[in-house]
Amino acid sequence: MSGDSCLPQRHTQSDCTSPPPPLACPKTKTCSYRGAVGLGNKYVRLNVGGNLFYTTLQVLTRENSMLKAMFSGKKEVFTDKDGWILIDRSGKHFGSILCYLRDGTVTLPKGRQAVQELLVEAKYYLIQGLVELCQNTLQGNKEQPLCVIPVVTSIKEEERLIQSSAKVNPVVKLVYNRSNNKYSYTSYSDDNLLKNIELFDRLSLSFNGRVLFIKDVIGDEICCWSFYGQGRKLAEVCCTSIVYATEKKQTKVEFPEARIYEETLNALLYETMPLPDNSLLEATRRSYTNCGSHSEEEEGPGGPELRERVRRIHVKRYSTYDDRPLGH
């Protein structure tokens with residue numbers, strides 16, 4: 001041992017009348033693990049950023065890394081008063097570091113950010129094999145976007161997107177173009193415009209794969225929602241209006257959140273759902289056959305009619321507004 005880095009002051013009873021001594025620094029020591037390579041399975045206690053680990057010198061010196069330099073006598077290490085060796089790094093991924101040193105491989109953590117954090121630690125400890133493993137994983141597994149929102153730049157492009165999605169999904173389009181305004185905005189118009197954009201982003205995440213969401217930044221409106229089903233426009237919610245102030249006109253942008261939600265849910269009525277699987281139809285047919293022992297009197301006159309009504313409800317899910325009778 002090379003000695004203490006901070007020595008506590010000792011005082012006797014005669015020191016009671018004197019002013020109290022200053023607080024002593026936490027006691028840490030520096031030591032050198034010279035000749036440790038031949039010690040084999042001797043266990044070492046590590047304190048890495050407040051996380052405690054037990055391992056052997058054989059594991060720590062297996063790779064040609066900074067840890068091998070620390071525990072083969074080439075670099076000094078610090079210990080606390082309890083003998084724990086201090087390493088001033090985050091201990092979040094140090095367990096993965098030890099697993100790689102033991103086995104030569106490790107299961108990388110989930111998530112791109114976690115792998116990037118482990119890569120930083122591997123570079124610090126100079127563990128080249130783990131560095132390459134993290135880099136190859138980051139290059140090969142690029143995160144896919146949660147959803148893709150097309151931004152239309154022409155009317156023809158908009159029509160093509162709506163018609164291509166007509167047989168599959170309904171369409172919700174948001175036009176927002178702040179530069180279309182001829183007058184000044186009211187006090188809350190900018191905030192409401194941002195709220196409309198944020199609602200559009202939330203809806204696109206919630207109904208991703210079921211509704212095609214389109215952004216239009218070249219339209220004539222400042223903020224306007226359009227809803228399409230089966231290739232035709234169902235509804236439109238315009239969020240702007242002109243108000244008359246004392247001396248001049250102003251443009252007001254509103255945020256009709258409830259109406260927008262309502263029209264989005266109405267557009268889902270035009271969603272084309274997949275047909276039931278043949279195995280499911282066969283299973284339901286068998287269950288009905290097994291129940292065929294009941295007599296028609298037990299079944300009652302409403303039985304077949306009830307089954308037919310349920311079938312029609314499922315069919316009605318694929319109908320249009322024009323085909324639905326009033327009250328449905």
# chains A, B, ... in the order shown; residues from 1 in each chain; ligands from 1

call {"tool": "residues_around", "arguments": {"residues": "Ile127 in chain A", "least_positions_apart": "3", "cutoff": "10 Å", "atoms": "only C-alpha atoms", "output": "PyMOL selection string"}}
result
chain A and resi 63-67+97+100-101+119+121-124+130-132

call {"tool": "write_last_selection", "arguments": {"atoms": "N, CA and C atoms", "output": "mmCIF file, in the first residue's frame"}}
result
data_model
loop_
_atom_site.group_PDB
_atom_site.id
_atom_site.type_symbol
_atom_site.label_atom_id
_atom_site.label_comp_id
_atom_site.auth_asym_id
_atom_site.auth_seq_id
_atom_site.Cartn_x
_atom_site.Cartn_y
_atom_site.Cartn_z
ATOM 1 N N GLU A 63 -9.116 -10.078 -20.895
ATOM 2 C CA GLU A 63 -8.983 -9.315 -22.131
ATOM 3 C C GLU A 63 -7.883 -8.270 -21.964
ATOM 4 N N ASN A 64 -7.300 -7.883 -23.090
ATOM 5 C CA ASN A 64 -6.285 -6.832 -23.072
ATOM 6 C C ASN A 64 -6.997 -5.483 -23.031
ATOM 7 N N SER A 65 -7.395 -5.067 -21.815
ATOM 8 C CA SER A 65 -8.224 -3.895 -21.650
ATOM 9 C C SER A 65 -7.686 -3.038 -20.514
ATOM 10 N N MET A 66 -8.396 -1.960 -20.236
ATOM 11 C CA MET A 66 -8.013 -1.095 -19.133
ATOM 12 C C MET A 66 -8.130 -1.817 -17.796
ATOM 13 N N LEU A 67 -9.108 -2.706 -17.666
ATOM 14 C CA LEU A 67 -9.250 -3.461 -16.425
ATOM 15 C C LEU A 67 -8.035 -4.355 -16.179
ATOM 16 N N ILE A 97 -20.484 -5.859 -18.918
ATOM 17 C CA ILE A 97 -19.041 -5.879 -19.157
ATOM 18 C C ILE A 97 -18.430 -7.154 -18.581
ATOM 19 N N TYR A 100 -19.370 -10.309 -20.565
ATOM 20 C CA TYR A 100 -18.590 -10.454 -21.789
ATOM 21 C C TYR A 100 -17.181 -10.950 -21.483
ATOM 22 N N LEU A 101 -16.571 -10.455 -20.407
ATOM 23 C CA LEU A 101 -15.228 -10.908 -20.050
ATOM 24 C C LEU A 101 -15.231 -12.377 -19.646
ATOM 25 N N LEU A 119 -22.012 0.753 -25.464
ATOM 26 C CA LEU A 119 -20.888 1.014 -26.373
ATOM 27 C C LEU A 119 -19.932 2.043 -25.778
ATOM 28 N N GLU A 121 -19.356 2.602 -22.605
ATOM 29 C CA GLU A 121 -18.598 1.958 -21.531
ATOM 30 C C GLU A 121 -17.544 1.000 -22.088
ATOM 31 N N ALA A 122 -17.891 0.272 -23.147
ATOM 32 C CA ALA A 122 -16.936 -0.654 -23.749
ATOM 33 C C ALA A 122 -15.737 0.094 -24.329
ATOM 34 N N LYS A 123 -15.984 1.265 -24.907
ATOM 35 C CA LYS A 123 -14.870 2.066 -25.414
ATOM 36 C C LYS A 123 -14.001 2.579 -24.275
ATOM 37 N N TYR A 124 -14.617 2.933 -23.154
ATOM 38 C CA TYR A 124 -13.822 3.441 -22.029
ATOM 39 C C TYR A 124 -12.909 2.350 -21.475
ATOM 40 N N LEU A 130 -16.301 -6.226 -27.538
ATOM 41 C CA LEU A 130 -17.630 -5.734 -27.174
ATOM 42 C C LEU A 130 -17.970 -4.468 -27.952
ATOM 43 N N VAL A 131 -16.973 -3.650 -28.246
ATOM 44 C CA VAL A 131 -17.207 -2.460 -29.064
ATOM 45 C C VAL A 131 -17.723 -2.855 -30.447
ATOM 46 N N GLU A 132 -17.101 -3.839 -31.067
ATOM 47 C CA GLU A 132 -17.529 -4.277 -32.399
ATOM 48 C C GLU A 132 -18.918 -4.904 -32.348
#

call {"tool": "residues_around", "arguments": {"residues": "Asn181 in chain A", "least_positions_apart": "2", "cutoff": "8 Å", "atoms": "only C-alpha atoms", "output": "list in words"}}
result
Arg178, Ser179, Tyr183, Ser184, Ile222 and Thr251 of chain A

call {"tool": "write_last_selection", "arguments": {"atoms": "N, CA, C and O atoms", "output": "compact mmCIF listing (two decimals), in the first residue's frame"}}
result
# COMPACT_ATOMS: atom_id res chain seq x y z
N ARG A 178 -49.89 28.52 -42.06
CA ARG A 178 -50.03 29.78 -41.32
C ARG A 178 -49.84 31.00 -42.22
O ARG A 178 -50.37 32.07 -41.96
N SER A 179 -49.12 30.85 -43.31
CA SER A 179 -48.83 31.99 -44.18
C SER A 179 -50.01 32.39 -45.04
O SER A 179 -49.95 33.41 -45.74
N TYR A 183 -54.76 38.65 -42.37
CA TYR A 183 -54.92 39.56 -41.24
C TYR A 183 -54.06 39.06 -40.07
O TYR A 183 -53.42 38.02 -40.15
N SER A 184 -54.08 39.80 -39.01
CA SER A 184 -53.37 39.37 -37.82
C SER A 184 -54.18 38.31 -37.07
O SER A 184 -55.41 38.22 -37.23
N ILE A 222 -56.03 27.75 -43.63
CA ILE A 222 -55.01 27.91 -42.60
C ILE A 222 -54.95 26.66 -41.72
O ILE A 222 -53.87 26.13 -41.44
N THR A 251 -57.94 37.01 -37.78
CA THR A 251 -58.18 35.59 -38.05
C THR A 251 -58.11 34.83 -36.73
O THR A 251 -57.15 34.96 -35.98

call {"tool": "residues_around", "arguments": {"residues": "range 86-96 of chain A", "least_positions_apart": "5", "cutoff": "8 Å", "atoms": "only C-alpha atoms", "output": "list in words"}}
result
Leu46, Asn47, Val48, Gly49, Gly50, Asn51, Phe53, Val77, Phe78, Thr79, Asp80, Val106, Thr107, Leu108, Glu117, Leu118 and Glu121 of chain A

call {"tool": "write_last_selection", "arguments": {"atoms": "N, CA, C and O atoms", "output": "mmCIF file, in the first residue's frame"}}
result
data_model
loop_
_atom_site.group_PDB
_atom_site.id
_atom_site.type_symbol
_atom_site.label_atom_id
_atom_site.label_comp_id
_atom_site.auth_asym_id
_atom_site.auth_seq_id
_atom_site.Cartn_x
_atom_site.Cartn_y
_atom_site.Cartn_z
ATOM 1 N N LEU A 46 -15.709 -4.775 -6.124
ATOM 2 C CA LEU A 46 -15.678 -3.566 -6.929
ATOM 3 C C LEU A 46 -16.871 -2.680 -6.598
ATOM 4 O O LEU A 46 -18.003 -3.169 -6.436
ATOM 5 N N ASN A 47 -16.608 -1.400 -6.497
ATOM 6 C CA ASN A 47 -17.654 -0.394 -6.323
ATOM 7 C C ASN A 47 -17.616 0.514 -7.552
ATOM 8 O O ASN A 47 -16.767 1.398 -7.674
ATOM 9 N N VAL A 48 -18.553 0.270 -8.477
ATOM 10 C CA VAL A 48 -18.583 1.004 -9.745
ATOM 11 C C VAL A 48 -19.769 1.958 -9.708
ATOM 12 O O VAL A 48 -20.920 1.552 -9.884
ATOM 13 N N GLY A 49 -19.488 3.224 -9.451
ATOM 14 C CA GLY A 49 -20.545 4.228 -9.412
ATOM 15 C C GLY A 49 -21.619 3.946 -8.383
ATOM 16 O O GLY A 49 -22.782 4.283 -8.596
ATOM 17 N N GLY A 50 -21.245 3.311 -7.268
ATOM 18 C CA GLY A 50 -22.214 2.987 -6.222
ATOM 19 C C GLY A 50 -22.826 1.613 -6.353
ATOM 20 O O GLY A 50 -23.546 1.174 -5.459
ATOM 21 N N ASN A 51 -22.569 0.887 -7.439
ATOM 22 C CA ASN A 51 -23.043 -0.484 -7.635
ATOM 23 C C ASN A 51 -21.918 -1.452 -7.271
ATOM 24 O O ASN A 51 -20.775 -1.281 -7.720
ATOM 25 N N PHE A 53 -19.981 -5.142 -7.056
ATOM 26 C CA PHE A 53 -19.801 -6.347 -7.862
ATOM 27 C C PHE A 53 -18.713 -7.209 -7.222
ATOM 28 O O PHE A 53 -17.739 -6.696 -6.669
ATOM 29 N N VAL A 77 -5.010 1.615 -8.241
ATOM 30 C CA VAL A 77 -6.446 1.608 -8.023
ATOM 31 C C VAL A 77 -6.732 2.173 -6.641
ATOM 32 O O VAL A 77 -5.882 2.120 -5.736
ATOM 33 N N PHE A 78 -7.929 2.723 -6.476
ATOM 34 C CA PHE A 78 -8.329 3.319 -5.204
ATOM 35 C C PHE A 78 -9.269 2.382 -4.468
ATOM 36 O O PHE A 78 -10.110 1.717 -5.083
ATOM 37 N N THR A 79 -9.140 2.333 -3.175
ATOM 38 C CA THR A 79 -10.014 1.526 -2.332
ATOM 39 C C THR A 79 -10.566 2.407 -1.221
ATOM 40 O O THR A 79 -9.946 3.381 -0.804
ATOM 41 N N ASP A 80 -11.767 2.043 -0.717
ATOM 42 C CA ASP A 80 -12.318 2.756 0.426
ATOM 43 C C ASP A 80 -11.895 2.049 1.709
ATOM 44 O O ASP A 80 -11.109 1.098 1.695
ATOM 45 N N VAL A 106 -22.218 -11.684 -24.929
ATOM 46 C CA VAL A 106 -23.214 -11.199 -23.977
ATOM 47 C C VAL A 106 -24.482 -10.861 -24.743
ATOM 48 O O VAL A 106 -24.435 -10.499 -25.937
ATOM 49 N N THR A 107 -25.617 -11.034 -24.078
ATOM 50 C CA THR A 107 -26.894 -10.603 -24.650
ATOM 51 C C THR A 107 -27.033 -9.107 -24.449
ATOM 52 O O THR A 107 -27.042 -8.620 -23.315
ATOM 53 N N LEU A 108 -27.106 -8.379 -25.539
ATOM 54 C CA LEU A 108 -27.157 -6.922 -25.458
ATOM 55 C C LEU A 108 -28.501 -6.462 -24.904
ATOM 56 O O LEU A 108 -29.522 -7.136 -25.091
ATOM 57 N N GLU A 117 -25.337 3.237 -24.826
ATOM 58 C CA GLU A 117 -24.714 3.452 -23.520
ATOM 59 C C GLU A 117 -23.672 2.379 -23.232
ATOM 60 O O GLU A 117 -22.585 2.684 -22.719
ATOM 61 N N LEU A 118 -23.982 1.123 -23.549
ATOM 62 C CA LEU A 118 -23.016 0.049 -23.353
ATOM 63 C C LEU A 118 -21.795 0.240 -24.249
ATOM 64 O O LEU A 118 -20.660 -0.066 -23.847
ATOM 65 N N GLU A 121 -19.356 2.602 -22.605
ATOM 66 C CA GLU A 121 -18.598 1.958 -21.531
ATOM 67 C C GLU A 121 -17.544 1.000 -22.088
ATOM 68 O O GLU A 121 -16.430 0.916 -21.566
#

call {"tool": "atom_distance", "arguments": {"atom1": "CA of Arg102 in chain A", "atom2": "CA of Val59 in chain A"}}
result
5.8 Å

call {"tool": "atom_distance", "arguments": {"atom1": "CA of Thr137 in chain A", "atom2": "CA of Val115 in chain A"}}
result
8.1 Å

call {"tool": "residues_around", "arguments": {"residues": "Pro256 in chain A", "least_positions_apart": "6", "cutoff": "12 Å", "atoms": "only C-alpha atoms", "output": "ChimeraX atom specification"}}
result
/A:192-193,195-196,199,223-225,236-240,262-263

call {"tool": "select_by_dssp", "arguments": {"residues": "range 94-262 of chain A", "states": "strand (DSSP E)", "output": "PyMOL selection string"}}
result
chain A and resi 151-152+171-176+184-185+212-216+223-229+232-238+240-244+249-253

call {"tool": "write_last_selection", "arguments": {"atoms": "C-alpha atoms", "output": "PDB file, in the first residue's frame"}}
result
ATOM      1  CA  VAL A 151     -46.905  15.291 -46.930  1.00  0.00           C
ATOM      2  CA  VAL A 152     -48.672  16.126 -50.186  1.00  0.00           C
ATOM      3  CA  VAL A 171     -58.260   8.942 -44.823  1.00  0.00           C
ATOM      4  CA  VAL A 172     -57.830  11.927 -42.483  1.00  0.00           C
ATOM      5  CA  LYS A 173     -56.133  15.013 -43.910  1.00  0.00           C
ATOM      6  CA  LEU A 174     -54.973  18.115 -42.063  1.00  0.00           C
ATOM      7  CA  VAL A 175     -54.262  21.323 -43.936  1.00  0.00           C
ATOM      8  CA  TYR A 176     -52.189  23.805 -41.988  1.00  0.00           C
ATOM      9  CA  SER A 184     -53.369  39.371 -37.817  1.00  0.00           C
ATOM     10  CA  TYR A 185     -54.157  36.438 -35.522  1.00  0.00           C
ATOM     11  CA  LEU A 212     -54.232   6.923 -43.569  1.00  0.00           C
ATOM     12  CA  PHE A 213     -53.203  10.334 -42.219  1.00  0.00           C
ATOM     13  CA  ILE A 214     -52.040  13.007 -44.671  1.00  0.00           C
ATOM     14  CA  LYS A 215     -50.518  16.429 -44.088  1.00  0.00           C
ATOM     15  CA  ASP A 216     -51.119  19.207 -46.581  1.00  0.00           C
ATOM     16  CA  CYS A 223     -56.186  24.938 -40.501  1.00  0.00           C
ATOM     17  CA  CYS A 224     -58.752  22.487 -41.819  1.00  0.00           C
ATOM     18  CA  TRP A 225     -59.506  18.780 -41.273  1.00  0.00           C
ATOM     19  CA  SER A 226     -60.948  16.562 -44.011  1.00  0.00           C
ATOM     20  CA  PHE A 227     -62.265  13.014 -43.604  1.00  0.00           C
ATOM     21  CA  TYR A 228     -62.571  10.506 -46.457  1.00  0.00           C
ATOM     22  CA  GLY A 229     -64.127   7.067 -46.764  1.00  0.00           C
ATOM     23  CA  ARG A 232     -65.087  10.360 -51.207  1.00  0.00           C
ATOM     24  CA  LYS A 233     -65.138  13.183 -48.687  1.00  0.00           C
ATOM     25  CA  LEU A 234     -67.334  12.525 -45.660  1.00  0.00           C
ATOM     26  CA  ALA A 235     -66.880  15.626 -43.561  1.00  0.00           C
ATOM     27  CA  GLU A 236     -64.796  18.728 -43.158  1.00  0.00           C
ATOM     28  CA  VAL A 237     -63.938  20.672 -39.995  1.00  0.00           C
ATOM     29  CA  CYS A 238     -62.604  24.138 -40.657  1.00  0.00           C
ATOM     30  CA  THR A 240     -60.514  29.248 -38.823  1.00  0.00           C
ATOM     31  CA  SER A 241     -62.872  32.182 -38.912  1.00  0.00           C
ATOM     32  CA  ILE A 242     -62.736  35.945 -39.356  1.00  0.00           C
ATOM     33  CA  VAL A 243     -63.617  38.105 -36.368  1.00  0.00           C
ATOM     34  CA  TYR A 244     -64.149  41.844 -36.404  1.00  0.00           C
ATOM     35  CA  LYS A 249     -60.269  42.177 -39.001  1.00  0.00           C
ATOM     36  CA  GLN A 250     -58.495  39.289 -37.310  1.00  0.00           C
ATOM     37  CA  THR A 251     -58.178  35.595 -38.046  1.00  0.00           C
ATOM     38  CA  LYS A 252     -59.212  33.233 -35.268  1.00  0.00           C
ATOM     39  CA  VAL A 253     -58.010  29.623 -35.103  1.00  0.00           C
TER      40      VAL A 253
END

call {"tool": "atom_distance", "arguments": {"atom1": "CA of Tyr270 in chain A", "atom2": "CA of Ile155 in chain A"}}
result
22.9 Å
